[in-house]
Amino acid sequence: MTKRSLILVLALIISTAYSQDQTKGTISGFVYDAKTGEGLIGANVFLQDTYFGSSTNVSGYYSLPKVPVGNYTLVCQYIGYETFSTSVKITSDMDEQLNIQLEPATIETEEVYVYADSVRTSVQLYRKPISKIRLKPREIERIPQVVEADLLRSLQTMPGILPVSDYSSELYVRGGTPDQNLYMIDGADVYNPEHFFGLFSTFNTDAIKNVEISKGGFGAEYGGRLSSVLDVTNLDGNRREYEGKIAISLLSAKTTMQYPLGDFGAISGSFRRTYFDQTLGRAIDDIPDYFFYDGHLKAYIDINQKNKLTISFYKGQDNLDFQLDNATTEEEELDYDWGNTTYSIRWTHIFSSSLFGNFWTTFSDFDSDFSFEEFMEENDMGDRSLKGNLEYYYSQNLNFKLGFEYKSLHGTFRQIFPGGRVDVDRWGKYVASYIQSEWNPVPLLEIQTGLRYNYFDSNKSFQNLAPRLSVKYRLTDTINLKSAFGVYHQYLFRIPRTFIADIWTSSDEFYGSSNSHHYIAGFQKELADNFSLEIETYYKDYSNIYSYDYFFYTDLQPENYTGEGEPIYQSTEGLFNSGNGHSYGLEFLFRKNSGPITGWASYSLSRTVQKIEGVNQGKDFIPRHDRTHTVNLIGNFDIKNSLRQLRGVDYHRDRTSWRLGVGLVYSTGQPITTTSSIYVTNPLPDQNFYSGYNLFPTERNNFRLPAYFRFDLSLTMEKRYKSWTLAPYLQVFNVTNRKNVWFIDYDDEIQGNKLIQKVDTFSMFPILPTIGVTMTF
């Protein structure tokens, strides 16, 4: 074929495609809650009796590009809202913006009717990315909890997401550690998402609009972490009327307020503070002077049809002041303060009906200050970011995402102790760009490909390419098959320690990037209308994962000395041990999302293995967070309407309703290291014979504690008045008062010339009944 012939063929193809596009039109817009004006995330918008459909993005935006000319019925549906439908006429080269206002269902229990008319369960499962879980604030609030609703503890009821104990809300996702999770609030990274040494999360559930967690296989738009992504979007604010919520529990008091800003936007704010330092702390001397608070402020400004602006601010702080012995005049005081501060500004711009953009500038800072007698420590991680994301809706069968991210990072770690100092100060730069495509070669098959480029520099440069791939296939009307593969890199590390907050550090000339490969396969089944079953299996490996070396002082070489001759350590070399690992597992999730009875049941079978130099003599071991079997059952019952459903009686709304929440969890006991023998170390002549004994451990984590079991209940009465509601509640954590073992301790007793050793067990939370009240207006 000659060049002239090739040019003519290409020109013919282009002109044919262009002429076909001229006979098509595009319809796009936002989907809003008609009562509050909030954009709705994940609403289904489609043309009835066609394959043309879309789900709204994080801004509530949808686009149906290149629809053939003709008359259609456009339908929009969302659980808990009345179905919206309207007739639309697509004309040649049409480009129309249609904003949709969805009316909330008349009564809460009418969700079952809304759901019956909506997109069927199998289609909703198909549209959801693999390994992604969405939770709504209503679902979080109804799960029985410790004292009050908690986001991270709610996520721990899902398969593949584990706690390490009752005392921790940290997330261990598919064998990964908490630092391998990317936490975001309104687009800004959160580096320490827990209060009270991990007991509670920093997210105020009353301020949350939407929660999504991806347990693995996530697309190229996310990076910088190995295991998961938790993306929290807070309320924009009610644009129609003033709205408020006040809640008081035994732990804290909190309030959330929303207020419209004329006809161009809204503002929302929340604040929470614990108060037992002002109650029990004043009455009982032995209780530490401790409290935490967190607050969030967000403004939404609707500039015009094509431009929106969102400004978000968050601050959380923990303060601990502990006098070790109130009876002595000597001051032995422990001071410990730590917290997060974030802000983000997001500009949303519609370039055209097919090109949508979000751009952020964000700031995030985590700081930790600890002092006790002659020991002082400071750890700080600062993050200033600029990022953008473009969504291009080329056609119903092909869409693209592309974006960039730039971070300026500053991390410090300082210690002052008798005999020396540690002073590590690092600046880092992270740059990333990505492109991602979603292609439907046939209506029942979707292939998502992506590529992410990472560049990180902190005394040493690192460059990585991270390919991503996922495939979804609708095998039948009720069955979906999914799979995913991805390569992930991490340059920031949060090294866990006992009691004191974890250390944030980064890759440098001594420590390379952590790396992981994800392999996931999934099966989804619509069992009946509103009932679903999801099964996933996964394998992922890790390289260059790090643990804190508690004996680093013996290996470090000082770079400088103080005026008093004390060494100053300014390098990270020797601070951490490195190693590799892998995780694999099988997960089941049965779920019912709406109606008077909702909830889920999950089961996980998993195993995690690590190998870290200097630990367990360099042999493989299972980490403390490994659990072979885990079962979770969550049930929520609208008591009156549940009974009506069983009797076949129609639902209706009462001024007073009663809700019962049930939670049950069973898991294999956590692994611990036991002793194999005792040895004596050269006692001095004036010591007792056994005063210098030491315990010699067996292999690391070679023994498991008894199985963990817990049963929780909650009961809420909601009384509705004309313009406000009152909802007192009772929650009982660990109803059976089971003594779940947290750890063991060895206690020795000398009887004559014999050493008698006893094993003491320390349990987690006993039965914890709590009360509280919530008022909305």
# chains A, B, ... in the order shown; residues from 1 in each chain; ligands from 1
$ residues_around --residues "A:Asp294" --least-positions-apart "4" --cutoff "12 Å" --atoms "only C-alpha atoms" --output "PyMOL selection string"
chain A and resi 193-195+200-205+207+252-256+269-274+313-319+338-342
$ residues_around --residues "A:Phe46" --least-positions-apart "6" --cutoff "6 Å" --atoms "only C-alpha atoms" --output "MDAnalysis selection string"
chainID A and resid 52:53 74:75
$ closest_residue --among "A:Lys215, A:Gly42, A:Glu405, A:Leu556" --to "A:Ile568" --atoms "only C-alpha atoms"
A:Leu556
$ select_by_dssp --residues "stretch 415-564 of chain A" --states "strand (DSSP E or B)" --output "PyMOL selection string"
chain A and resi 415-417+420-442+445-457+461-474+479-490+492-495+503-506+514-528+531-548+560-561
$ residues_around --residues "stretch 463-473 of chain A" --least-positions-apart "4" --cutoff "7 Å" --atoms "only C-alpha atoms" --output "ChimeraX atom specification"
/A:219-220,444-456,480-488
$ residues_around --residues "A:Ser461" --least-positions-apart "6" --cutoff "10 Å" --atoms "only C-alpha atoms" --output "PDB file with N, CA and C atoms, in the first residue's frame"
ATOM      1  N   GLY A 428      12.131  15.235  51.778  1.00  0.00           N
ATOM      2  CA  GLY A 428      11.865  14.315  50.683  1.00  0.00           C
ATOM      3  C   GLY A 428      10.954  14.935  49.643  1.00  0.00           C
ATOM      4  N   LYS A 429      11.004  14.388  48.469  1.00  0.00           N
ATOM      5  CA  LYS A 429      10.151  14.850  47.364  1.00  0.00           C
ATOM      6  C   LYS A 429       9.561  13.633  46.679  1.00  0.00           C
ATOM      7  N   TYR A 430       8.239  13.664  46.513  1.00  0.00           N
ATOM      8  CA  TYR A 430       7.543  12.561  45.849  1.00  0.00           C
ATOM      9  C   TYR A 430       6.770  13.109  44.662  1.00  0.00           C
ATOM     10  N   TYR A 455       8.363   8.715  41.582  1.00  0.00           N
ATOM     11  CA  TYR A 455       9.722   9.213  41.800  1.00  0.00           C
ATOM     12  C   TYR A 455       9.802   9.728  43.230  1.00  0.00           C
ATOM     13  N   SER A 507      12.306   6.244  52.983  1.00  0.00           N
ATOM     14  CA  SER A 507      13.409   5.639  52.237  1.00  0.00           C
ATOM     15  C   SER A 507      14.549   6.650  52.115  1.00  0.00           C
ATOM     16  N   ASP A 508      15.774   6.157  52.156  1.00  0.00           N
ATOM     17  CA  ASP A 508      16.941   7.019  51.991  1.00  0.00           C
ATOM     18  C   ASP A 508      18.091   6.171  51.489  1.00  0.00           C
ATOM     19  N   GLU A 509      19.327   6.638  51.718  1.00  0.00           N
ATOM     20  CA  GLU A 509      20.480   5.903  51.202  1.00  0.00           C
ATOM     21  C   GLU A 509      20.693   4.561  51.899  1.00  0.00           C
ATOM     22  N   GLY A 512      15.670   1.112  51.204  1.00  0.00           N
ATOM     23  CA  GLY A 512      15.010   1.257  49.918  1.00  0.00           C
ATOM     24  C   GLY A 512      13.500   1.282  50.050  1.00  0.00           C
TER      25      GLY A 512
END
$ closest_residue --among "A:Gln97, A:Thr725, A:Thr598, A:Gln610" --to "A:Phe777" --atoms "only C-alpha atoms"
A:Thr725
$ decode --residues "stretch 375-411 of chain A" --atoms "C-alpha atoms" --output "compact mmCIF listing (two decimals), in the first residue's frame"
# COMPACT_ATOMS: atom_id res chain seq x y z
CA PHE A 375 14.39 11.19 78.16
CA MET A 376 12.80 13.33 75.43
CA GLU A 377 11.57 12.46 71.95
CA GLU A 378 10.08 14.33 69.01
CA ASN A 379 8.77 12.87 65.78
CA ASP A 380 7.20 14.94 63.03
CA MET A 381 6.01 14.24 59.49
CA GLY A 382 4.96 17.17 57.30
CA ASP A 383 3.34 16.80 53.88
CA ARG A 384 2.50 19.56 51.40
CA SER A 385 0.87 18.29 48.22
CA LEU A 386 -0.48 19.40 44.88
CA LYS A 387 -2.44 16.89 42.81
CA GLY A 388 -4.95 16.64 40.02
CA ASN A 389 -7.27 14.07 38.49
CA LEU A 390 -8.95 14.21 35.07
CA GLU A 391 -11.78 11.94 33.98
CA TYR A 392 -12.43 11.68 30.25
CA TYR A 393 -15.66 10.00 29.17
CA TYR A 394 -14.76 9.16 25.58
CA SER A 395 -17.69 6.83 24.96
CA GLN A 396 -19.92 4.35 26.72
CA ASN A 397 -17.25 1.69 26.08
CA LEU A 398 -14.06 3.64 26.80
CA ASN A 399 -13.17 6.05 29.62
CA PHE A 400 -9.85 7.40 30.85
CA LYS A 401 -8.40 8.77 34.08
CA LEU A 402 -5.12 10.58 34.27
CA GLY A 403 -3.48 12.66 36.91
CA PHE A 404 -0.43 13.81 38.81
CA GLU A 405 0.75 14.21 42.40
CA TYR A 406 3.58 16.23 43.94
CA LYS A 407 4.57 16.05 47.61
CA SER A 408 7.12 18.00 49.60
CA LEU A 409 7.89 15.94 52.72
CA HIS A 410 9.77 16.80 55.88
CA GLY A 411 10.40 14.21 58.58
